[in-house]
Every structure is written in C-alpha cells, then in structure tokens.
Amino acid sequence: MAKKNTDARQLDERAFVEATSEAKSRYGRFNLAIVGASGVGKSSLVNAVFGRDWAKVGRGLPVTRGVHFYSDDSLGIWDVEGFEIGSPVPPDQQLRNHLDAIAAHPGNHQISVVWYCVRAADDRLTPADIAMIRELDARGLPVILVLTKVDWIKNPITGHQGVAKDLQAFVDWLNDPVDPSTGERIRIPYRQVILTSTRDRHGKGKGHGLGDLVTETLELAPDRDKDAFRIAQRLNLPWKREMARPIIAAASAAAAGAASVPLPVSDAVTLAPIQLTMMGRIAAIYDLEVKTMLSAGALAQFGVQVAGRALATSFLKLIPGAGIVVNAAVAAALTAATGESWLKICELLHTGKIDVRKLDQEWAKYAPSFMDVARKLVERRVGRK
C-alpha cells in the first residue's frame, strides 16, 4: 500500500514538472534588443517591465564589443551600446556590425522588437541616433523610441501627469520630425514614441508610461513571439489569465472524459495527472520555477494534497447525490475550481505576495471551497442548455 502511494506521488510530481517543461518549450523565449548609451536607464526598464535585474537574468554572453546577450528560459535581452563617439566607423556601420554578430546566432536568439532608448532630458535625436534607427528598420526590426527618465509633473487641479514645455516640444517634433534648416520632413522609422520613467521625481513609486510600452511591444512582436512576451513581462496580469483559462477549460473537459464512466472515490487519483498537468502549464505562464523553489519531496506532497483522490474525498461527502463515485460533472467542476484557485496562487507567487516556502499553507487558504465547486457544477449545467 505504501509503495502504491509513493508511486502516485512520483506520478504527480512528474506530471507537473513535465507539463511545465513542455509549456516553456512550446512558448519559447522573447528576445528584446535595447539600444542606448550607458546610463540611459536600460537596466531599470528591464527590471520594471520584466522583474529582472539583467545582470542576474541568467547567462551573460559577451558577443562582441558593445553587445551582450542575457537570457533565461522566457526572456532574452540584447544589450547594444549606443554610438561610440570618436570612432572612425560611422554609427550605422557600427550597428550593422553588431547586427551581423547577432544574426550569426541560432533562431531562438533572434530579435523580435527593439527599444531604442534616449534620455528625455537630452531633448534631441543626434544624426547618429537617426542613422542607427534607419539601420534597424532596414533589417526589418520594429523600433520603439523610448524616452527614459521622464520628469513627470502633476497638474494640481486635474491630477493628470504632464511634462515640461521643452520636453513636450521635443515629443511634438518626434511625432513629425522636420529639418529646421530646410523645412523638409525627416524619415526616422520608429513605430511609436513612448515616454517612460521607472520612478517618480522623488525616486519612489512605479513610474509612468510602462503600460504603454508593454502594450506597444506586444503589438509589434511577431505573432509567434506574442505569448512568450506575455509570459516574460510582469505588468499585465490579465494577459496571463487569458492564456491560463483555456488550459483550465481543456483540463476540465479531460477530467470529465476520464470520469465518463463514474469513478469510485478510491480511483479518483486518476484525475491527479490531469490536474497536475494543468497546474504545471499555468505555472509556466506565470514564469514560475516551482520545481526549483520546492524540494522534490515537498512538490510531490503538494501534488497529493491538491489533486485527485484527496480533493474528491473531501468534496463528495458535501455534494448531494454524488454518492461514493466521481462522475463527469463532478470531475470537471472540481478540476475547474482547482484551476481557478491555482491561478490565484500563481498570481500571488508571481507578484511576490506570498512565500513559495509556505505554499502548502497558502494553498489551504485558497483551495477551492464547496461553493466554488458547486458554482462550477451550475455553470456546467447552464452551459449545456
């Protein structure tokens, strides 16, 4: 008997871990290039949007002088320095050399979107900036011009955030660049201008403009990389929920199929791999490395606690007419409620609001209640009408 229980725990752990690994592999990695001079605020942007100190993102790979690549499973950062003043090599040629070095890397290293960063206080684009943006565009790379370290000014009457007149004039020029000496329009092929700050003028707060930057980045990302970006970024939780809910629905349908012939409670462990696979895939969407955060034994114990027979046993005695078997409706409702509870846990882990070392205690707080399961049963019945 003890051996059977141990085997079940190993199965639970494997289902969770393999599902997480498979999901990460399927979604792939989003690769962002950030171009700009040292001190422009590139690392602060990465930390604010992706929740990573890029010096600690993972493997740092010096590609060539002026270019570094940092990566983990879901995010790759190409750090490209701005034009080297005093170099005999023109700026567009410097960048061309950098891009050639990047292009020599495998396909899963290639750039999806470029943030070209300029300090807002500089109030100008140099000829070198313009040449480099044109070179990026010539390579087919979508460029967002990111003005960094914006000093936002709060209107005391409306409460709206604005910028100084000089900066606003610069932004107006960027939206319709004209050569002041000739009056002719200048072609600078960035797709959008986004004003950002990662802190307020007092060095506090969450900054401004980051949501716009994230939205525009997703819009410009190739379709194949959009989900990878949704996973890597940390600012827009609704995107992650939208990705997770179809996984919950599919798992609920699979659970119903597994119980199409009603299961005795003693065989409800059959549902555990389905539920643990669902949870592993959702963990990948929230970019969580639960396996590395918990010991294998703790993860296995958690699997037994949240899935299969344990939950079925606790709920069947509360559901009128359920008897001593798990039918398709109960299996689907239980799996759906478990998925929604796990989604909440993942969001709290993802945002640092709970400690993963206390996951078993936190699960007790957020585990699906009788009312959650009953609600899913009602939803399932209504949906069939």
# chains A, B, ... in the order shown; residues from 1 in each chain; ligands from 1
>>> residues_around(residues="Val171 (chain A)", least_positions_apart="2", cutoff="10 Å", atoms="only C-alpha atoms", output="list in words")
Ala120, Asp123, Arg124, Leu147, Val163, Lys165, Asp166, Leu167, Gln168, Ala169, Trp173, Leu174, Asn175, Asp176, Pro177, Val193, Ile194 and Leu195 of chain A
>>> write_last_selection(atoms="C-alpha atoms", output="PDB file, in the first residue's frame")
ATOM      1  CA  ALA A 120      14.269  62.603 -22.198  1.00  0.00           C
ATOM      2  CA  ASP A 123      15.779  66.883 -25.876  1.00  0.00           C
ATOM      3  CA  ARG A 124      17.197  65.781 -29.211  1.00  0.00           C
ATOM      4  CA  LEU A 147      12.315  58.368 -23.847  1.00  0.00           C
ATOM      5  CA  VAL A 163       5.828  67.083 -18.903  1.00  0.00           C
ATOM      6  CA  LYS A 165       7.227  72.525 -22.215  1.00  0.00           C
ATOM      7  CA  ASP A 166      10.686  71.810 -23.626  1.00  0.00           C
ATOM      8  CA  LEU A 167      10.125  68.073 -23.496  1.00  0.00           C
ATOM      9  CA  GLN A 168       6.637  68.405 -24.973  1.00  0.00           C
ATOM     10  CA  ALA A 169       8.102  70.400 -27.849  1.00  0.00           C
ATOM     11  CA  TRP A 173       8.900  67.200 -33.144  1.00  0.00           C
ATOM     12  CA  LEU A 174       9.439  63.437 -32.840  1.00  0.00           C
ATOM     13  CA  ASN A 175       5.870  62.839 -33.970  1.00  0.00           C
ATOM     14  CA  ASP A 176       6.502  64.937 -37.077  1.00  0.00           C
ATOM     15  CA  PRO A 177      10.276  65.432 -37.491  1.00  0.00           C
ATOM     16  CA  VAL A 193       7.358  57.219 -29.215  1.00  0.00           C
ATOM     17  CA  ILE A 194       6.813  56.200 -25.583  1.00  0.00           C
ATOM     18  CA  LEU A 195       7.644  58.405 -22.596  1.00  0.00           C
TER      19      LEU A 195
END
>>> select_by_dssp(residues="region 9-251 of chain A", states="helix (DSSP H, G or I)", output="VMD selection string")
chain A and resid 9 to 27 42 to 50 54 to 56 91 to 103 107 to 109 120 to 122 127 to 138 165 to 175 210 to 220 223 to 232 237 to 251
>>> residues_around(residues="Pro238 (chain A)", least_positions_apart="6", cutoff="12 Å", atoms="only C-alpha atoms", output="JSON list (two decimals) with C-alpha atoms, in the first residue's frame")
[["chain", "number", "residue", "atom", "x", "y", "z"],
["A", 230, "ARG", "CA", 3.07, 37.86, -22.33],
["A", 231, "ILE", "CA", 4.87, 35.34, -20.13],
["A", 244, "ALA", "CA", -4.49, 30.25, -18.47],
["A", 245, "ARG", "CA", -8.25, 29.96, -18.76],
["A", 285, "ILE", "CA", 2.54, 31.09, -17.96],
["A", 286, "TYR", "CA", 3.36, 32.87, -14.72],
["A", 343, "LEU", "CA", -4.32, 30.64, -10.94],
["A", 344, "LYS", "CA", -4.79, 32.90, -7.89],
["A", 347, "GLU", "CA", -0.52, 35.41, -9.39]]
>>> residues_around(residues="Leu218 (chain A)", least_positions_apart="2", cutoff="12 Å", atoms="only C-alpha atoms", output="PyMOL selection string")
chain A and resi 30+32+112-114+142+144+211-216+220-233+236+239
>>> residues_around(residues="region 326-328 of chain A", least_positions_apart="4", cutoff="6 Å", atoms="only C-alpha atoms", output="compact mmCIF listing (two decimals) with all heavy atoms, in the first residue's frame")
# COMPACT_ATOMS: atom_id res chain seq x y z
N ALA A 256 -13.60 15.35 -17.22
CA ALA A 256 -14.94 14.81 -17.47
C ALA A 256 -14.86 13.55 -18.31
O ALA A 256 -15.57 12.57 -18.07
CB ALA A 256 -15.80 15.87 -18.16
N ALA A 259 -13.85 10.57 -16.31
CA ALA A 259 -14.92 10.10 -15.41
C ALA A 259 -16.22 9.87 -16.17
O ALA A 259 -17.29 9.90 -15.57
CB ALA A 259 -15.11 11.10 -14.27
N SER A 260 -16.15 9.68 -17.48
CA SER A 260 -17.37 9.44 -18.25
C SER A 260 -18.06 8.17 -17.77
O SER A 260 -19.29 8.05 -17.79
CB SER A 260 -17.05 9.34 -19.75
OG SER A 260 -16.09 8.33 -19.98
N PRO A 262 -18.40 6.66 -14.29
CA PRO A 262 -18.15 7.14 -12.93
C PRO A 262 -17.06 6.35 -12.20
O PRO A 262 -17.04 5.12 -12.25
CB PRO A 262 -19.51 7.01 -12.24
CG PRO A 262 -20.49 7.17 -13.37
CD PRO A 262 -19.85 6.50 -14.54
N LEU A 263 -16.16 7.10 -11.55
CA LEU A 263 -15.02 6.50 -10.85
C LEU A 263 -15.34 6.32 -9.38
O LEU A 263 -15.85 7.24 -8.73
CB LEU A 263 -13.79 7.42 -10.96
CG LEU A 263 -13.23 7.72 -12.34
CD1 LEU A 263 -12.22 8.85 -12.24
CD2 LEU A 263 -12.58 6.47 -12.91
>>> closest_residue(among="A:Ala101, A:Ala121, A:Leu141, A:Ala337", to="Ala367 (chain A)", atoms="only C-alpha atoms")
A:Ala337
>>> residues_around(residues="Ser44 (chain A)", least_positions_apart="5", cutoff="10 Å", atoms="only C-alpha atoms", output="PDB file with C-alpha atoms, in the first residue's frame")
ATOM      1  CA  GLY A  39      23.402  55.360 -18.072  1.00  0.00           C
ATOM      2  CA  VAL A  49       8.836  45.559 -17.018  1.00  0.00           C
ATOM      3  CA  PHE A  50      10.225  42.057 -16.558  1.00  0.00           C
ATOM      4  CA  GLY A  51      11.015  41.985 -12.844  1.00  0.00           C
ATOM      5  CA  ARG A  52      14.627  41.048 -13.525  1.00  0.00           C
ATOM      6  CA  ASP A  53      17.965  42.590 -12.750  1.00  0.00           C
ATOM      7  CA  TRP A  54      19.516  41.847 -16.093  1.00  0.00           C
ATOM      8  CA  THR A 148      13.693  57.437 -20.438  1.00  0.00           C
ATOM      9  CA  LYS A 149      13.878  59.150 -17.056  1.00  0.00           C
ATOM     10  CA  SER A 197      10.047  56.637 -16.043  1.00  0.00           C
ATOM     11  CA  THR A 198      10.665  53.790 -13.640  1.00  0.00           C
ATOM     12  CA  ARG A 199      10.387  56.035 -10.568  1.00  0.00           C
TER      13      ARG A 199
END
